[in-house]
>>> print(open('coords_9.txt').read())   # compact mmCIF, C-alpha atoms and all ligand atoms
# COMPACT_ATOMS: atom_id res chain seq x y z
CA MET A 23 80.45 187.53 256.39
CA ASN A 24 76.90 188.87 256.69
CA LEU A 25 75.94 190.10 253.26
CA PRO A 26 73.38 192.92 253.03
CA ALA A 27 70.09 191.59 251.62
CA ALA A 28 69.79 194.02 248.71
CA PHE A 29 73.37 193.29 247.66
CA ALA A 30 72.87 189.52 247.93
CA GLU A 31 69.71 189.68 245.84
CA ARG A 32 71.38 191.64 243.06
CA MET A 33 74.52 189.50 242.96
CA GLN A 34 72.64 186.22 243.19
CA SER A 35 70.58 187.05 240.16
CA ARG A 36 73.68 188.20 238.29
CA LEU A 37 75.93 185.27 239.15
CA SER A 38 73.24 182.56 239.34
CA ALA A 39 75.13 179.21 239.35
CA GLU A 40 78.35 180.91 240.54
CA TRP A 41 76.73 182.61 243.55
CA ALA A 42 77.83 179.98 246.10
CA GLU A 43 81.43 180.13 244.89
CA PHE A 44 81.37 183.92 245.08
CA VAL A 45 80.14 183.84 248.69
CA LYS A 46 82.79 181.27 249.58
CA ALA A 47 85.53 183.42 248.00
CA LEU A 48 84.40 186.41 250.07
CA GLY A 49 85.17 184.39 253.19
CA GLU A 50 88.76 183.62 252.12
CA SER A 51 91.79 185.82 252.67
CA PRO A 52 92.84 188.03 249.80
CA ARG A 53 95.99 187.07 247.87
CA THR A 54 99.15 189.10 248.20
CA THR A 55 100.35 190.44 244.88
CA ILE A 56 103.04 192.93 243.96
CA ARG A 57 104.10 194.76 240.80
CA LEU A 58 107.86 195.00 240.23
CA HIS A 59 109.58 198.28 239.41
CA PRO A 60 110.83 198.09 235.78
CA GLU A 61 114.43 198.88 236.84
CA LYS A 62 114.76 198.38 240.57
CA GLY A 63 112.67 195.20 240.66
CA LYS A 64 114.59 193.25 238.00
CA GLY A 65 115.08 189.61 239.03
CA LEU A 66 113.03 189.86 242.23
CA TYR A 67 110.56 187.08 243.11
CA ALA A 68 111.60 185.34 239.90
CA ASP A 69 110.01 182.03 240.95
CA ALA A 70 106.66 183.50 242.05
CA PRO A 71 103.68 182.86 239.75
CA GLY A 72 102.85 185.76 237.40
CA ILE A 73 99.68 187.75 236.76
CA PRO A 74 98.25 186.97 233.29
CA TRP A 75 97.61 190.64 232.42
CA HIS A 76 100.82 192.22 233.69
CA ASP A 77 104.27 190.72 233.10
CA ARG A 78 105.77 192.35 236.20
CA GLY A 79 102.92 191.27 238.48
CA ARG A 80 103.74 188.52 240.99
CA LEU A 81 101.58 186.39 243.26
CA LEU A 82 103.37 185.83 246.58
CA ARG A 83 102.94 182.58 248.45
CA GLU A 84 102.79 184.37 251.77
CA ARG A 85 102.61 187.95 252.90
CA PRO A 86 106.06 189.19 253.94
CA GLU A 87 106.58 191.82 256.63
CA PHE A 88 106.94 194.46 253.91
CA ALA A 89 108.10 197.27 256.15
CA LEU A 90 111.15 195.21 257.14
CA GLU A 91 112.12 194.33 253.56
CA PRO A 92 114.98 196.30 251.99
CA ALA A 93 113.39 195.88 248.53
CA TRP A 94 110.21 197.55 249.78
CA HIS A 95 112.18 200.45 251.28
CA ALA A 96 114.08 200.80 248.01
CA GLY A 97 110.82 201.02 246.03
CA ALA A 98 111.66 197.87 244.07
CA TYR A 99 107.99 196.81 244.03
CA TYR A 100 104.52 198.14 244.84
CA VAL A 101 102.07 196.02 246.82
CA GLN A 102 99.03 196.12 244.53
CA GLU A 103 96.04 193.87 244.19
CA ALA A 104 96.10 192.14 240.83
CA SER A 105 92.86 193.37 239.19
CA SER A 106 94.10 196.98 239.27
CA MET A 107 97.07 196.05 237.12
CA SER A 108 94.68 195.64 234.15
CA VAL A 109 94.72 199.43 233.60
CA ARG A 110 97.81 198.85 231.49
CA VAL A 111 95.83 196.87 228.89
CA PHE A 112 93.78 199.94 227.96
CA LEU A 113 96.65 202.37 227.33
CA PRO A 114 97.36 203.41 223.75
CA GLY A 115 100.63 202.21 222.20
CA ARG A 116 101.93 205.57 221.01
CA ARG A 117 104.18 207.88 223.02
CA PRO A 118 104.69 210.50 224.37
CA LEU A 119 101.51 210.68 226.40
CA ARG A 120 99.98 213.35 228.59
CA ILE A 121 98.18 211.39 231.29
CA ILE A 122 96.07 212.56 234.22
CA ASP A 123 95.05 210.22 237.03
CA LEU A 124 92.17 212.13 238.57
CA SER A 125 91.76 210.05 241.76
CA ALA A 126 95.31 208.92 242.28
CA ALA A 127 95.88 208.36 246.03
CA PRO A 128 97.58 206.32 247.37
CA GLY A 129 99.26 205.84 243.99
CA GLY A 130 99.00 202.19 242.87
CA LYS A 131 97.77 203.01 239.38
CA SER A 132 99.92 206.15 239.16
CA THR A 133 103.07 204.08 239.70
CA LEU A 134 101.86 201.71 236.96
CA LEU A 135 101.30 204.67 234.62
CA LEU A 136 104.80 205.96 235.43
CA ASP A 137 106.26 202.58 234.44
CA GLU A 138 104.70 203.04 231.01
CA ILE A 139 105.90 206.64 230.67
CA GLY A 140 109.44 206.03 231.92
CA LEU A 141 112.07 208.68 231.29
CA THR A 142 111.00 209.66 227.78
CA GLY A 143 107.36 208.70 227.27
CA GLY A 144 105.42 211.69 228.58
CA ILE A 145 104.03 213.19 231.75
CA LEU A 146 101.67 212.06 234.50
CA ILE A 147 99.56 214.40 236.62
CA ALA A 148 98.65 212.47 239.77
CA ASN A 149 95.69 214.29 241.30
CA ASP A 150 93.66 213.64 244.44
CA PRO A 151 91.62 216.22 246.36
CA ASP A 152 91.92 214.40 249.70
CA SER A 153 94.94 215.93 251.44
CA ARG A 154 95.37 213.09 253.94
CA ARG A 155 95.42 210.45 251.22
CA ARG A 156 97.64 212.72 249.12
CA SER A 157 100.44 212.40 251.72
CA ALA A 158 100.62 208.67 250.95
CA LEU A 159 100.59 209.49 247.23
CA ILE A 160 103.52 211.91 247.60
CA GLU A 161 105.53 209.32 249.49
CA ASN A 162 104.71 206.39 247.19
CA LEU A 163 105.62 208.30 244.02
CA ALA A 164 108.85 209.52 245.62
CA ARG A 165 109.76 205.95 246.54
CA TRP A 166 108.92 204.78 243.00
CA ALA A 167 111.38 207.41 241.71
CA ILE A 168 110.37 207.80 238.06
CA PRO A 169 110.44 211.61 238.01
CA ALA A 170 107.93 212.23 235.21
CA TYR A 171 105.06 213.40 237.41
CA LEU A 172 103.36 216.29 239.15
CA ILE A 173 101.04 215.92 242.11
CA THR A 174 97.98 218.13 242.47
CA GLY A 175 94.97 218.26 244.77
CA ARG A 176 92.23 219.78 242.62
CA ASP A 177 88.67 218.73 241.98
CA PRO A 178 88.49 217.22 238.47
CA ALA A 179 86.06 220.03 237.51
CA TRP A 180 88.89 222.55 238.09
CA TRP A 181 91.10 220.65 235.66
CA ALA A 182 88.30 220.33 233.10
CA GLU A 183 87.57 224.05 233.18
CA LYS A 184 91.20 225.16 232.95
CA TYR A 185 92.61 222.47 230.65
CA PRO A 186 89.90 221.16 228.29
CA GLU A 187 91.13 218.56 225.80
CA ALA A 188 94.63 218.66 227.29
CA PHE A 189 95.25 214.94 227.89
CA ASP A 190 95.80 211.83 225.79
CA VAL A 191 94.76 209.55 228.65
CA VAL A 192 92.45 210.29 231.56
CA LEU A 193 92.18 207.65 234.25
CA LEU A 194 89.17 208.00 236.52
CA ASP A 195 89.57 205.33 239.20
CA ALA A 196 86.49 206.70 240.85
CA PRO A 197 85.64 206.84 244.56
CA CYS A 198 82.97 204.15 244.89
CA SER A 199 80.92 202.05 247.31
CA GLY A 200 83.81 199.53 247.49
CA GLU A 201 81.82 196.29 247.23
CA GLY A 202 84.88 194.61 245.70
CA LEU A 203 86.96 195.28 248.82
CA TRP A 204 84.86 193.45 251.36
CA ARG A 205 87.14 190.49 251.88
CA LYS A 206 90.08 192.85 252.46
CA THR A 207 88.03 195.11 254.73
CA PRO A 208 84.94 193.20 255.96
CA ALA A 209 83.74 196.22 257.97
CA LEU A 210 82.77 197.87 254.66
CA ALA A 211 80.00 195.29 254.24
CA GLU A 212 78.48 196.35 257.56
CA THR A 213 78.14 199.98 256.53
CA TRP A 214 76.98 199.34 252.94
CA ARG A 215 73.60 200.87 252.08
CA PRO A 216 71.76 201.02 248.73
CA GLU A 217 71.66 204.81 249.20
CA GLU A 218 75.45 204.85 249.20
CA VAL A 219 75.50 203.26 245.76
CA HIS A 220 73.22 206.04 244.51
CA PHE A 221 75.28 208.72 246.19
CA CYS A 222 78.48 207.34 244.64
CA SER A 223 76.83 206.99 241.25
CA ARG A 224 75.79 210.67 241.25
CA ARG A 225 79.28 211.78 242.28
CA GLN A 226 80.83 209.57 239.60
CA ARG A 227 78.64 211.17 236.93
CA ARG A 228 79.91 214.59 237.95
CA LEU A 229 83.50 213.33 237.78
CA LEU A 230 82.88 211.56 234.48
CA ALA A 231 81.63 214.80 232.93
CA ALA A 232 84.91 216.46 233.89
CA ALA A 233 87.00 213.48 232.77
CA LYS A 234 85.33 213.44 229.35
CA ASN A 235 86.08 217.14 228.82
CA LEU A 236 89.75 216.66 229.54
CA ILE A 237 90.43 214.29 226.65
CA ALA A 238 92.20 215.48 223.52
CA PRO A 239 91.11 214.24 220.08
CA GLY A 240 92.31 210.67 219.72
CA GLY A 241 92.68 210.35 223.50
CA ARG A 242 91.24 207.73 225.85
CA LEU A 243 89.15 207.71 228.99
CA ILE A 244 89.80 204.73 231.28
CA TYR A 245 87.15 204.32 233.96
CA SER A 246 87.44 201.90 236.86
CA THR A 247 85.90 201.17 240.25
CA CYS A 248 86.23 198.49 242.89
CA THR A 249 82.50 197.82 243.07
CA PHE A 250 80.04 195.45 241.40
CA ALA A 251 77.14 197.93 241.37
CA PRO A 252 76.06 198.54 237.75
CA GLU A 253 74.77 202.00 238.74
CA GLU A 254 78.39 202.95 239.42
CA ASN A 255 79.79 201.19 236.36
CA GLU A 256 78.08 200.43 233.07
CA TYR A 257 74.93 202.50 233.73
CA ASN A 258 77.08 205.56 234.37
CA LEU A 259 79.17 205.03 231.26
CA ALA A 260 76.11 204.34 229.13
CA ALA A 261 74.71 207.74 230.16
CA PHE A 262 77.79 209.44 228.72
CA PHE A 263 78.62 207.40 225.68
CA SER A 264 75.62 205.49 224.32
CA GLU A 265 74.53 208.35 222.10
CA ASP A 266 77.81 210.05 221.40
CA PRO A 267 79.00 209.02 217.93
CA SER A 268 82.36 210.74 218.39
CA TRP A 269 83.54 208.09 220.86
CA SER A 270 84.41 204.43 220.27
CA PRO A 271 84.61 201.68 222.88
CA ILE A 272 87.90 199.89 223.51
CA ARG A 273 87.70 196.12 223.60
CA TRP A 274 90.17 193.94 225.49
CA GLU A 275 90.90 191.41 222.77
CA ASN A 276 91.74 187.93 224.08
CA HIS A 277 91.14 188.84 227.71
CA PRO A 278 91.74 185.96 230.11
CA PRO A 279 88.56 183.85 230.31
CA GLU A 280 88.26 184.29 234.09
CA ILE A 281 87.50 187.98 233.56
CA VAL A 282 83.85 188.56 232.65
CA GLU A 283 83.24 190.73 229.59
CA ILE A 284 79.91 192.58 229.40
CA THR A 285 78.44 194.81 226.74
CA TYR A 286 76.39 197.87 227.53
CA ALA A 287 74.57 200.63 225.72
CA GLY A 288 74.61 198.43 222.62
CA ARG A 289 78.32 198.98 221.98
CA GLY A 290 80.43 199.48 225.14
CA TRP A 291 82.70 196.80 226.62
CA GLY A 292 83.19 196.42 230.34
CA TYR A 293 85.24 193.92 232.38
CA TYR A 294 84.31 192.51 235.78
CA PHE A 295 86.82 190.85 238.07
CA TYR A 296 85.14 188.57 240.61
CA PRO A 297 87.12 187.16 243.54
CA HIS A 298 85.94 183.58 242.93
CA ARG A 299 87.27 183.69 239.36
CA THR A 300 90.45 185.80 239.42
CA ILE A 301 93.58 186.35 241.52
CA GLY A 302 92.52 189.89 242.33
CA GLU A 303 89.78 191.64 244.28
CA GLY A 304 86.45 192.85 242.89
CA PHE A 305 86.97 195.40 240.12
CA PHE A 306 85.36 196.93 237.02
CA ILE A 307 87.11 198.59 234.10
CA SER A 308 86.04 200.03 230.76
CA ALA A 309 87.58 202.47 228.26
CA TRP A 310 86.49 204.77 225.44
CA GLN A 311 88.43 206.60 222.76
CA LYS A 312 87.58 210.00 221.38
CA ASP A 313 87.53 209.87 217.60
CA SER A 314 89.55 212.00 215.19
CA SER A 315 93.21 211.84 214.63
CA PHE A 316 95.89 212.08 217.28
CA ASN A 317 96.71 215.70 218.02
CA PRO A 318 100.47 216.21 217.89
CA ARG A 319 100.31 219.65 219.66
CA ARG A 320 103.02 219.07 222.17
CA ARG A 321 105.14 221.98 223.31
CA SER A 322 103.89 224.01 226.25
CA SER A 323 105.39 227.19 227.61
CA SER A 324 106.13 226.47 231.22
CA SER A 325 106.77 229.46 233.40
CA LEU A 326 108.91 227.33 235.72
CA ARG A 327 112.50 228.42 235.31
CA PRO A 328 115.04 225.58 235.31
CA VAL A 329 117.96 225.87 237.71
CA LYS A 330 121.37 224.21 237.95
CA ARG A 331 121.73 220.48 238.60
CA PRO A 332 122.37 219.51 242.20
CA PRO A 333 125.82 218.07 242.92
CA LEU A 334 124.78 214.44 242.47
CA PRO A 335 126.04 212.03 239.81
CA LEU A 336 122.73 212.15 238.01
CA GLU A 337 123.06 211.38 234.35
CA GLY A 338 120.01 211.65 232.22
CA PRO A 339 117.46 213.86 230.59
CA PHE A 340 116.35 215.84 233.65
CA VAL A 341 115.29 219.42 234.40
CA PHE A 342 115.57 220.91 237.90
CA PHE A 343 113.64 223.81 239.42
CA GLN A 344 113.16 225.40 242.80
CA GLN A 345 109.88 225.12 244.76
CA GLY A 346 109.93 226.54 248.29
CA ASP A 347 112.98 225.14 250.02
CA SER A 348 113.25 222.11 247.70
CA LEU A 349 114.81 221.41 244.37
CA MET A 350 112.39 219.35 242.31
CA MET A 351 113.10 217.41 239.18
CA LEU A 352 111.26 216.29 236.06
CA THR A 353 112.36 214.38 232.99
CA GLU A 354 112.90 216.65 229.99
CA ALA A 355 110.03 214.85 228.24
CA ALA A 356 107.67 215.67 231.12
CA TYR A 357 108.93 219.25 231.34
CA LYS A 358 108.11 219.80 227.66
CA LEU A 359 104.55 218.60 228.27
CA LEU A 360 103.85 220.56 231.45
CA PRO A 361 100.41 222.13 231.28
CA PRO A 362 101.05 225.86 230.86
CA GLY A 363 100.24 228.26 233.68
CA LEU A 364 101.03 225.96 236.60
CA GLU A 365 103.21 228.13 238.80
CA LYS A 366 103.68 226.03 241.88
CA ILE A 367 104.06 222.35 241.40
CA GLU A 368 104.87 219.39 243.54
CA ALA A 369 107.17 216.99 241.73
CA PHE A 370 109.98 214.61 242.63
CA PRO A 371 112.05 216.28 245.39
CA VAL A 372 115.76 215.79 244.89
CA TRP A 373 117.56 218.32 247.12
CA ARG A 374 116.64 220.22 250.27
CA HIS A 375 118.64 222.30 252.76
CA HIS A 376 121.99 221.59 251.05
CA LYS A 377 121.43 217.84 251.10
CA PRO A 378 119.90 215.18 248.83
CA THR A 379 116.38 214.14 249.85
CA HIS A 380 115.49 210.66 251.02
CA ALA A 381 113.73 210.14 247.67
CA ALA A 382 116.93 210.96 245.75
CA ALA A 383 118.68 207.94 247.28
CA LEU A 384 116.02 205.72 245.68
CA LEU A 385 116.54 206.99 242.11
CA PRO A 386 117.56 204.08 239.91
CA ASP A 387 119.62 206.44 237.75
CA LEU A 388 122.13 207.52 240.35
CA ILE A 389 125.45 205.95 239.56
CA THR A 390 126.28 204.08 242.75
CA GLU A 391 130.05 203.85 242.25
CA GLU A 392 130.43 207.61 242.10
CA LEU A 393 128.57 208.10 245.33
CA PRO A 394 130.01 207.53 248.72
CA SER A 395 128.00 204.60 249.96
CA TYR A 396 128.03 202.30 252.95
CA GLU A 397 126.91 198.69 253.10
CA LEU A 398 124.84 198.16 256.26
CA SER A 399 124.98 194.95 258.24
CA GLU A 400 121.66 193.35 259.16
CA GLU A 401 121.84 194.84 262.63
CA GLU A 402 122.68 198.27 261.22
CA PHE A 403 119.73 198.00 258.84
CA TYR A 404 117.33 197.67 261.78
CA THR A 405 119.15 200.48 263.59
CA TYR A 406 118.66 202.57 260.43
CA LEU A 407 114.93 201.81 260.38
CA ARG A 408 114.74 202.86 264.04
CA ARG A 409 116.39 206.17 262.97
CA GLN A 410 119.11 205.74 265.55
CA PRO A 411 122.65 207.04 265.00
CA LEU A 412 125.15 204.80 263.23
CA SER A 413 128.86 205.25 263.25
CA VAL A 414 130.17 205.12 259.69
CA PRO A 415 133.86 205.69 258.92
CA THR A 416 133.56 208.58 256.44
CA SER A 417 134.25 212.29 256.32
CA GLU A 418 131.56 212.91 253.68
CA PRO A 419 128.52 214.99 254.68
CA TYR A 420 126.28 212.20 253.42
CA VAL A 421 126.70 208.62 252.26
CA ARG A 422 124.17 206.36 250.59
CA ALA A 423 123.05 203.53 252.87
CA VAL A 424 122.83 200.21 251.02
CA TYR A 425 121.52 196.94 252.38
CA ALA A 426 121.25 193.63 250.51
CA ASP A 427 122.17 195.51 247.28
CA PHE A 428 119.31 197.97 247.67
CA PRO A 429 119.97 201.68 248.27
CA ILE A 430 117.54 202.54 251.06
CA GLY A 431 118.41 206.13 252.02
CA TRP A 432 121.21 208.42 253.17
CA LEU A 433 123.24 208.74 256.30
CA TYR A 434 123.84 212.42 257.01
CA LYS A 435 126.85 212.62 259.27
CA ASN A 436 126.00 209.23 260.76
CA ARG A 437 122.31 210.03 261.25
CA PRO A 438 119.79 208.09 259.17
CA SER A 439 117.91 210.46 256.84
CA ILE A 440 114.80 208.33 256.56
CA PRO A 441 111.69 210.43 257.31
CA ARG A 442 109.42 209.09 260.03
CA SER A 443 106.54 208.80 257.55
CA TYR A 444 108.47 206.20 255.53
CA LEU A 445 108.58 203.83 258.44
CA PRO A 446 106.20 201.12 259.63
CA THR A 447 103.70 202.40 262.18
N1 LIG B 501 93.76 205.21 242.08
C1 LIG B 501 94.15 204.90 243.45
C2 LIG B 501 95.20 203.81 243.44
O1 LIG B 501 95.26 203.05 242.48
O2 LIG B 501 95.98 203.74 244.41
C3 LIG B 501 92.95 204.56 244.31
C4 LIG B 501 91.88 205.62 244.26
S1 LIG B 501 90.51 205.34 245.32
C5 LIG B 501 89.67 204.06 244.50
C6 LIG B 501 89.49 206.71 245.01
C7 LIG B 501 90.10 208.05 245.31
O3 LIG B 501 89.15 209.06 244.93
C8 LIG B 501 90.43 208.34 246.76
O4 LIG B 501 91.81 208.52 246.93
C9 LIG B 501 89.69 209.64 247.06
O5 LIG B 501 90.45 210.56 247.82
C10 LIG B 501 89.44 210.20 245.68
N2 LIG B 501 88.32 211.16 245.60
C11 LIG B 501 87.37 211.44 246.50
N3 LIG B 501 86.58 212.44 246.06
C12 LIG B 501 87.07 212.81 244.86
C13 LIG B 501 86.71 213.80 243.92
N4 LIG B 501 85.70 214.64 244.12
N5 LIG B 501 87.45 213.90 242.81
C14 LIG B 501 88.49 213.08 242.57
N6 LIG B 501 88.87 212.12 243.42
C15 LIG B 501 88.17 211.99 244.55
>>> encode(input="coords_9.txt", output="structure tokens")
Amino acid sequence: MNLPAAFAERMQSRLSAEWAEFVKALGESPRTTIRLHPEKGKGLYADAPGIPWHDRGRLLRERPEFALEPAWHAGAYYVQEASSMSVRVFLPGRRPLRIIDLSAAPGGKSTLLLDEIGLTGGILIANDPDSRRRSALIENLARWAIPAYLITGRDPAWWAEKYPEAFDVVLLDAPCSGEGLWRKTPALAETWRPEEVHFCSRRQRRLLAAAKNLIAPGGRLIYSTCTFAPEENEYNLAAFFSEDPSWSPIRWENHPPEIVEITYAGRGWGYYFYPHRTIGEGFFISAWQKDSSFNPRRRSSSSLRPVKRPPLPLEGPFVFFQQGDSLMMLTEAAYKLLPPGLEKIEAFPVWRHHKPTHAAALLPDLITEELPSYELSEEEFYTYLRRQPLSVPTSEPYVRAVYADFPIGWLYKNRPSIPRSYLPT
């Protein structure tokens, strides 16, 4: 890989004796890692090595053809590079939490946050202003099927103006120059310019200002990027926190030694993941907590009117409401924490046009025995993925298609229900 001169100069002086190893690592292929779903992923890849900072992270020996794996279709794991899984370390222990992920698409860190929230632990707003990337977010969160989230597409400044101090955790996984992704996408190195680092840094400062405003007393800001540029990382954070006595830095106690801890602004802690030292790709993460006691203000007055449950064997603490032609669902815990004044929301879609949605088939809480279901053969599984008709001996309007013990969708009157967007391209 041809490294840009200005980048090489900066990194060489930072890494000194480790520079050659770093360059060598950039020439290797990235590792394939996944994070298991807390329910649907139980027991999967049990023999694969783990990730030191996430107990459901797994390092795969080779990269499977994910789009042909029933477990992938069932949302039993998320393909996520390992460094990103460290977000979990910086979350507070208490629950319930109101969390906003300001730059959420395609949803890797949002699915991780949903694991932590579960059915009773709070609400996640997964936000991303890029509508194209938001489509992947919508699909990935539906497949993950922990219905404690809303998806929005606002600029963080909109949120900060309308909902100041409304969140216990704000994750800003900021758009960045992407220096840490070069071995995954070598073309990024070709287009890298020092000016881009400065452009990204300015944009990040604008987003950081919004993120800081959104945090409730006692709440935390988690900031991450996939770049090594200090202008986009510690210099940015220092500008916001070095002279603000009402914030305290969060330290990752006993972090694995391969992760490099830095200090900045005299008191902040930041963590660099370098590809020659860790399993993951290049990454930076740092967190701050707003002082003063935890604010227990919890109940909001949502104007969304709940409607009847759909006719599915769905046990659990859920609330349903109509949006357009879909019935959406939220956990009761998330419903109680909905930011007030949001009229139209995009949440987990469970029912549409008198039928369950594709996402509903992937809910871990559906009781399989009560549902008409059909075990596909291997050949039928591939027919299903090709969206071709299958002849199933049933008079039901829909049956749940199961393959290798994983529910992977519905068959509506012998037609696979799987949307085209869920399929390999
Ligand atoms: N958090 C994601 C995950 O774990 O899958 C990855 C996020 S990616 C590093 C950065 C995201 O920032 C992109 O999805 C991009 O659309 C979004 N973005 C771009 N401009 C933005 C803005 N002004 N405000 C918030 N997010 C923005």
>>> residues_around(input="coords_9.txt", residues="Pro71 in chain A", least_positions_apart="3", cutoff="12 Å", atoms="all atoms listed in the file", output="list of chain:residue names")
A:Arg53, A:Thr54, A:Thr55, A:Ile56, A:Arg57, A:Leu66, A:Tyr67, A:Ala68, A:Pro74, A:His76, A:Asp77, A:Arg78, A:Gly79, A:Arg80, A:Leu81, A:Leu82, A:Arg83, A:Ile301
>>> atom_distance(input="coords_9.txt", atom1="CA of Trp310 in chain A", atom2="CA of Leu159 in chain A")
26.4 Å
>>> residues_around(input="coords_9.txt", residues="Ile160 in chain A", least_positions_apart="6", cutoff="10 Å", atoms="only C-alpha atoms", output="list in words")
Ala127, Pro128, Gly129, Ala148, Leu172, Ile173, Thr174, Glu368, Ala369, Phe370 and Pro371 of chain A
>>> closest_residue(input="coords_9.txt", among="A:Arg422, A:Arg155, A:Arg110, A:His277", to="ligand LIG 501 (chain B)", atoms="only C-alpha atoms and all ligand atoms")
A:Arg155
>>> residues_around(input="coords_9.txt", residues="Leu135 in chain A", least_positions_apart="3", cutoff="8 Å", atoms="all atoms listed in the file", output="PyMOL selection string")
chain A and resi 110+131-132+138-139+146
>>> residues_around(input="coords_9.txt", residues="Ile281 in chain A", least_positions_apart="5", cutoff="8 Å", atoms="all atoms listed in the file", output="ChimeraX atom specification")
/A:293-296,299-300
>>> residues_near_ligand(input="coords_9.txt", ligand="ligand LIG 501 (chain B)", cutoff="6 Å", atoms="only C-alpha atoms and all ligand atoms", output="VMD selection string")
chain A and resid 124 to 131 150 to 152 155 177 to 178 195 to 197
>>> build_atoms(input="coords_9.txt", residues="range 242-259 of chain A", atoms="N, CA and C atoms", output="mmCIF file, in the frame of the given file")
data_model
loop_
_atom_site.group_PDB
_atom_site.id
_atom_site.type_symbol
_atom_site.label_atom_id
_atom_site.label_comp_id
_atom_site.auth_asym_id
_atom_site.auth_seq_id
_atom_site.Cartn_x
_atom_site.Cartn_y
_atom_site.Cartn_z
ATOM 1 N N ARG A 242 92.064 208.794 225.241
ATOM 2 C CA ARG A 242 91.240 207.730 225.850
ATOM 3 C C ARG A 242 90.831 208.064 227.271
ATOM 4 N N LEU A 243 89.606 207.663 227.603
ATOM 5 C CA LEU A 243 89.150 207.710 228.990
ATOM 6 C C LEU A 243 89.132 206.276 229.526
ATOM 7 N N ILE A 244 89.846 206.045 230.614
ATOM 8 C CA ILE A 244 89.800 204.730 231.280
ATOM 9 C C ILE A 244 89.064 204.937 232.586
ATOM 10 N N TYR A 245 87.982 204.170 232.764
ATOM 11 C CA TYR A 245 87.150 204.320 233.960
ATOM 12 C C TYR A 245 87.200 203.019 234.747
ATOM 13 N N SER A 246 87.447 203.116 236.049
ATOM 14 C CA SER A 246 87.440 201.900 236.860
ATOM 15 C C SER A 246 86.857 202.171 238.233
ATOM 16 N N THR A 247 86.370 201.105 238.856
ATOM 17 C CA THR A 247 85.900 201.170 240.250
ATOM 18 C C THR A 247 86.223 199.830 240.902
ATOM 19 N N CYS A 248 86.098 199.798 242.226
ATOM 20 C CA CYS A 248 86.230 198.490 242.890
ATOM 21 C C CYS A 248 84.873 198.121 243.472
ATOM 22 N N THR A 249 83.845 198.216 242.637
ATOM 23 C CA THR A 249 82.500 197.820 243.070
ATOM 24 C C THR A 249 81.805 197.025 241.961
ATOM 25 N N PHE A 250 80.816 196.240 242.380
ATOM 26 C CA PHE A 250 80.040 195.450 241.400
ATOM 27 C C PHE A 250 78.745 196.147 241.003
ATOM 28 N N ALA A 251 78.448 197.289 241.595
ATOM 29 C CA ALA A 251 77.140 197.930 241.370
ATOM 30 C C ALA A 251 77.059 198.509 239.956
ATOM 31 N N PRO A 252 76.119 198.049 239.141
ATOM 32 C CA PRO A 252 76.060 198.540 237.750
ATOM 33 C C PRO A 252 75.756 200.045 237.676
ATOM 34 N N GLU A 253 75.065 200.555 238.725
ATOM 35 C CA GLU A 253 74.770 202.000 238.740
ATOM 36 C C GLU A 253 76.055 202.822 238.771
ATOM 37 N N GLU A 254 77.120 202.217 239.322
ATOM 38 C CA GLU A 254 78.390 202.950 239.420
ATOM 39 C C GLU A 254 79.314 202.615 238.250
ATOM 40 N N ASN A 255 78.910 201.662 237.445
ATOM 41 C CA ASN A 255 79.790 201.190 236.360
ATOM 42 C C ASN A 255 79.134 201.411 235.000
ATOM 43 N N GLU A 256 78.563 200.324 234.452
ATOM 44 C CA GLU A 256 78.080 200.430 233.070
ATOM 45 C C GLU A 256 76.912 201.404 232.895
ATOM 46 N N TYR A 257 76.051 201.552 233.910
ATOM 47 C CA TYR A 257 74.930 202.500 233.730
ATOM 48 C C TYR A 257 75.477 203.920 233.613
ATOM 49 N N ASN A 258 76.462 204.226 234.425
ATOM 50 C CA ASN A 258 77.080 205.560 234.370
ATOM 51 C C ASN A 258 77.714 205.817 233.013
ATOM 52 N N LEU A 259 78.474 204.838 232.542
ATOM 53 C CA LEU A 259 79.170 205.030 231.260
ATOM 54 C C LEU A 259 78.184 205.119 230.112
#
